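K.L.:
To be precise about what I am sending: the file is called final.cif and holds mmCIF, C-alpha atoms.
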data_query
#
loop_
_atom_site.label_atom_id
_atom_site.label_comp_id
_atom_site.auth_asym_id
_atom_site.auth_seq_id
_atom_site.Cartn_x
_atom_site.Cartn_y
_atom_site.Cartn_z
CA MET W 1 9.40 45.32 -177.99
CA PHE W 2 8.91 41.85 -176.46
CA CYS W 3 11.88 42.27 -174.19
CA ARG W 4 10.78 45.64 -172.94
CA GLU W 5 7.20 44.47 -172.48
CA HIS W 6 8.23 41.42 -170.50
CA VAL W 7 10.62 43.30 -168.22
CA VAL W 8 8.05 46.00 -167.61
CA GLN W 9 5.45 43.39 -166.66
CA LEU W 10 7.85 41.66 -164.27
CA HIS W 11 8.95 45.00 -162.85
CA HIS W 12 5.33 45.81 -162.06
CA GLU W 13 5.38 42.78 -159.78
CA SER W 14 8.49 43.96 -157.91
CA GLY W 15 6.50 44.60 -154.75
CA ARG W 16 5.40 40.96 -154.58
CA ILE W 17 8.88 39.73 -155.51
CA HIS W 18 10.49 41.76 -152.74
CA ALA W 19 7.78 40.74 -150.26
CA ALA W 20 8.78 37.14 -150.93
CA GLY W 21 12.39 38.05 -150.18
CA GLY W 22 13.39 37.87 -153.82
CA GLU W 23 14.93 40.05 -156.47
CA LEU W 24 14.27 40.47 -160.16
CA VAL W 25 17.53 39.97 -162.07
CA VAL W 26 17.65 40.57 -165.82
CA VAL W 27 20.23 39.08 -168.18
CA GLY W 28 20.44 40.37 -171.74
CA SER W 29 22.43 39.29 -174.75
CA GLY W 30 23.68 42.80 -175.49
CA THR W 31 26.77 44.50 -174.15
CA PRO W 32 26.95 46.72 -171.03
CA ASN W 33 26.86 49.94 -173.01
CA PHE W 34 23.24 49.19 -173.92
CA VAL W 35 22.03 48.80 -170.33
CA ALA W 36 21.49 52.49 -169.58
CA GLY W 37 19.13 52.90 -172.52
CA PHE W 38 17.23 49.75 -171.58
CA ARG W 39 16.83 51.06 -168.04
CA GLU W 40 15.52 54.33 -169.36
CA THR W 41 12.82 52.71 -171.47
CA THR W 42 11.77 50.04 -168.94
CA HIS W 43 12.30 52.07 -165.72
CA LEU W 44 13.85 48.95 -164.22
CA ASP W 45 15.98 49.91 -161.22
CA GLY W 46 17.16 46.40 -160.30
CA PRO W 47 20.22 44.46 -161.41
CA ILE W 48 20.85 43.96 -165.12
CA TYR W 49 23.67 41.80 -166.43
CA CYS W 50 24.95 41.04 -169.90
CA ASP W 51 25.98 37.83 -171.60
CA PRO W 52 26.89 38.62 -175.20
CA GLY W 53 28.57 35.22 -175.50
CA LEU W 54 25.24 33.53 -174.63
CA ALA W 55 26.87 30.86 -172.45
CA SER W 56 24.27 31.27 -169.72
CA TYR W 57 21.44 31.06 -172.27
CA ARG W 58 22.81 27.74 -173.50
CA ALA W 59 23.34 26.45 -169.97
CA ALA W 60 19.76 27.39 -169.11
CA GLY W 61 18.49 25.41 -172.09
CA LEU W 62 17.04 28.41 -173.91
CA LYS W 63 16.16 28.29 -177.59
CA ARG W 64 17.88 30.02 -180.49
CA GLY W 65 17.15 30.24 -184.20
CA VAL W 66 15.99 32.53 -186.99
CA TRP W 67 12.65 30.74 -187.43
CA ARG W 68 11.89 31.15 -183.75
CA THR W 69 12.14 34.91 -184.32
CA ILE W 70 10.42 35.19 -187.69
CA ASN W 71 7.23 33.13 -187.65
CA PRO W 72 3.47 33.78 -187.67
CA LEU W 73 3.05 33.39 -183.93
CA GLY W 74 5.91 35.79 -183.28
CA ILE W 75 4.32 38.33 -185.62
CA ALA W 76 1.03 37.99 -183.74
CA TYR W 77 2.82 38.57 -180.45
CA GLY W 78 4.48 41.59 -182.04
CA VAL W 79 1.16 43.13 -183.04
CA ARG W 80 -0.13 42.57 -179.50
CA ALA W 81 2.94 44.24 -178.00
CA LEU W 82 2.58 47.21 -180.34
CA VAL W 83 -1.08 47.60 -179.43
CA ARG W 84 -0.01 47.70 -175.80
CA GLY W 85 2.36 50.55 -176.63
CA ASN W 86 5.66 48.68 -176.66
CA LEU W 87 7.62 49.93 -179.63
CA GLN W 88 10.50 47.99 -181.11
CA GLY W 89 13.81 49.62 -180.38
CA ARG W 90 17.07 48.99 -182.18
CA THR W 91 18.11 45.41 -181.58
CA GLN W 92 20.96 45.40 -179.07
CA GLY W 93 22.06 41.81 -178.76
CA ASP W 94 21.35 38.56 -180.59
CA ALA W 95 17.90 38.79 -182.19
CA THR W 96 17.75 35.05 -182.86
CA GLN W 97 18.23 34.19 -179.19
CA GLN W 98 15.00 33.53 -177.32
CA GLY W 99 14.46 34.27 -173.66
CA GLY W 100 13.10 32.56 -170.61
CA VAL W 101 12.57 32.86 -166.88
CA LEU W 102 13.88 30.81 -163.99
CA VAL W 103 12.94 31.19 -160.35
CA ILE W 104 15.89 30.03 -158.26
CA LEU W 105 16.12 29.61 -154.51
CA PRO W 106 19.29 29.68 -152.39
CA PRO W 107 21.52 28.31 -151.03
CA SER W 108 24.16 27.62 -153.67
CA PRO W 109 24.15 25.84 -156.01
CA GLY W 110 20.46 26.68 -155.90
CA ARG W 111 17.17 25.03 -156.77
CA ILE W 112 15.07 25.86 -159.79
CA VAL W 113 11.44 25.98 -158.68
CA TYR W 114 9.94 27.46 -161.87
CA GLU W 115 11.03 27.64 -165.47
CA HIS W 116 9.68 29.02 -168.70
CA VAL W 117 11.52 28.63 -171.98
CA SER W 118 10.29 30.93 -174.75
CA GLN W 119 9.52 28.94 -177.87
CA VAL W 120 9.30 31.90 -180.24
CA ALA W 121 9.79 35.67 -180.04
CA GLY W 122 7.17 37.19 -177.75
CA ASP W 123 6.34 33.92 -176.02
CA ASN W 124 6.84 35.37 -172.57
CA ALA W 125 5.73 33.91 -169.26
CA ALA W 126 2.90 35.74 -167.55
CA ALA W 127 4.40 37.81 -164.75
CA ALA W 128 1.66 36.74 -162.33
CA GLU W 129 2.45 33.09 -162.99
CA VAL W 130 6.15 33.63 -162.31
CA VAL W 131 5.56 35.53 -159.09
CA SER W 132 2.98 33.05 -157.85
CA ALA W 133 5.56 30.29 -158.23
CA LEU W 134 8.08 32.35 -156.24
CA GLU W 135 5.54 33.01 -153.50
CA ALA W 136 4.54 29.35 -153.30
CA ALA W 137 8.16 28.22 -153.06
CA THR W 138 9.10 30.73 -150.37
CA ARG W 139 5.94 30.51 -148.29
CA PRO W 140 6.64 29.13 -144.81
CA ARG W 141 5.32 25.63 -144.46
CA ALA W 142 3.05 24.70 -141.58
CA ALA W 143 4.76 22.58 -138.96
CA MET J 1 1.94 32.88 -174.57
CA SER J 2 2.88 29.49 -173.20
CA HIS J 3 2.94 28.48 -169.58
CA GLY J 4 5.98 27.71 -167.52
CA ALA J 5 6.27 24.84 -165.10
CA ARG J 6 6.83 24.59 -161.41
CA THR J 7 9.64 22.20 -160.70
CA ASP J 8 12.20 21.43 -158.04
CA ARG J 9 15.60 20.55 -159.39
CA PRO J 10 19.16 21.63 -158.76
CA VAL J 11 20.63 24.44 -160.82
CA PRO J 12 22.91 22.86 -163.44
CA ALA J 13 26.52 23.35 -162.47
CA GLU J 14 27.34 24.81 -165.87
CA LEU J 15 24.71 27.51 -165.36
CA ALA J 16 25.88 28.46 -161.86
CA ALA J 17 29.45 28.61 -163.16
CA CYS J 18 28.66 31.06 -165.96
CA GLU J 19 30.07 34.56 -165.79
CA VAL J 20 28.04 37.57 -166.85
CA LEU J 21 29.02 41.21 -167.21
CA ALA J 22 27.84 43.91 -164.84
CA GLU J 23 27.06 47.38 -166.13
CA ASP J 24 30.63 48.49 -165.43
CA GLY J 25 31.98 45.60 -167.48
CA SER J 26 33.19 43.58 -164.50
CA LYS J 27 32.61 39.83 -164.49
CA VAL J 28 30.16 38.34 -162.01
CA GLY J 29 29.59 34.68 -161.33
CA LEU J 30 25.97 33.94 -162.12
CA GLY J 31 25.66 31.54 -159.19
CA ARG J 32 26.50 34.33 -156.77
CA LEU J 33 23.25 36.09 -157.63
CA TRP J 34 21.13 33.59 -155.75
CA ALA J 35 23.58 32.76 -152.97
CA ASP J 36 21.53 34.47 -150.28
CA ARG J 37 18.13 35.32 -151.76
CA PRO J 38 15.65 33.94 -154.26
CA VAL J 39 15.86 35.43 -157.72
CA VAL J 40 13.51 35.76 -160.64
CA LEU J 41 16.11 35.37 -163.37
CA ALA J 42 14.74 36.80 -166.58
CA PHE J 43 16.72 36.19 -169.75
CA VAL J 44 15.67 38.72 -172.38
CA ARG J 45 16.30 38.25 -176.08
CA HIS J 46 18.16 41.51 -176.39
CA PHE J 47 18.05 45.06 -175.03
CA GLY J 48 15.97 46.48 -177.90
#
Please re-express this file's structure in structure tokens.

P.N.:
Amino acid sequence: MFCREHVVQLHHESGRIHAAGGELVVVGSGTPNFVAGFRETTHLDGPIYCDPGLASYRAAGLKRGVWRTINPLGIAYGVRALVRGNLQGRTQGDATQQGGVLVILPPSPGRIVYEHVSQVAGDNAAAAEVVSALEAATRPRAA
Amino acid sequence: MSHGARTDRPVPAELAACEVLAEDGSKVGLGRLWADRPVVLAFVRHFG
């Protein structure tokens, strides 16, 4: 439910992301056969990639662990997500892996201008905060 | 909900070098995704 909720919130900001010249790219820990169903429930029409081996999660410094998934704060986030209408689907990936968001600017190898590392399940960055960081980083500077 | 942080640091080489799978199962170099445009790269816990 957290994953869906977060992607839906970011997707709602697609207009601002595109206006800043950017793209929302989602990486999940499941396998490609789960992507179609995830698209259907989130209505995300942008790129979705899979990393079932979790190498990119480790390289990004994201957290992993059972107690990060099952803890009082995570349960509270879960209740909030349910109240907002985000039902938990069948887990399709590594449930103990936590998520995060990076805003990265070209050119290669790229610069990270914003980062959020989820501490527990449901600890998602506010979409407005993420997009504001993108806009600030891409805004033309006065001469 | 915790807050993220604005920063300005290079992407770690090991992250840019990672390969992810596209929907058709083909491998894609993660670093290619931001070669010519900014990206909001959202890592989700799983697809559930």

K.L.:
Taking the file as shown, what set of residues would the PyMOL selection byres ((chain J) within 6 of (chain W)) give back, as a compact mmCIF listing (two decimals) with C-alpha atoms, keeping the file's coordinate frame?

P.N.:
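In the end it all went to result.txt:
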# COMPACT_ATOMS: atom_id res chain seq x y z
CA MET J 1 1.94 32.88 -174.57
CA GLY J 4 5.98 27.71 -167.52
CA ALA J 5 6.27 24.84 -165.10
CA ARG J 6 6.83 24.59 -161.41
CA THR J 7 9.64 22.20 -160.70
CA ASP J 8 12.20 21.43 -158.04
CA ARG J 9 15.60 20.55 -159.39
CA PRO J 10 19.16 21.63 -158.76
CA VAL J 11 20.63 24.44 -160.82
CA GLU J 14 27.34 24.81 -165.87
CA LEU J 15 24.71 27.51 -165.36
CA CYS J 18 28.66 31.06 -165.96
CA VAL J 20 28.04 37.57 -166.85
CA LEU J 21 29.02 41.21 -167.21
CA ALA J 22 27.84 43.91 -164.84
CA GLU J 23 27.06 47.38 -166.13
CA TRP J 34 21.13 33.59 -155.75
CA ALA J 35 23.58 32.76 -152.97
CA ASP J 36 21.53 34.47 -150.28
CA ARG J 37 18.13 35.32 -151.76
CA PRO J 38 15.65 33.94 -154.26
CA VAL J 39 15.86 35.43 -157.72
CA VAL J 40 13.51 35.76 -160.64
CA LEU J 41 16.11 35.37 -163.37
CA ALA J 42 14.74 36.80 -166.58
CA PHE J 43 16.72 36.19 -169.75
CA VAL J 44 15.67 38.72 -172.38
CA ARG J 45 16.30 38.25 -176.08
CA HIS J 46 18.16 41.51 -176.39
CA PHE J 47 18.05 45.06 -175.03
CA GLY J 48 15.97 46.48 -177.90

K.L.:
So the first atom is CA of Leu44 in chain W and the second is CA of Val8 in chain W; what is the distance between them in Å, to one decimal place?

P.N.:
7.3 Å

K.L.:
So how many Å separate CA of Arg16 in chain W and CA of Ala128 in chain W, to one decimal?

P.N.:
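For CA of Arg16 in chain W relative to CA of Ala128 in chain W, the distance reads 9.6 Å.
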
K.L.:
Check what the PyMOL selection byres ((chain J and resi 30) around 6) selects in the file above and give those residues as a PyMOL selection string.

P.N.:
chain J and resi 16+18-19+29+31-33

K.L.:
Between CA of His3 in chain J and CA of Gly46 in chain W, what is the distance, to one decimal in Å?

P.N.:
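Result for CA of His3 in chain J versus CA of Gly46 in chain W: 24.7 Å, one decimal.
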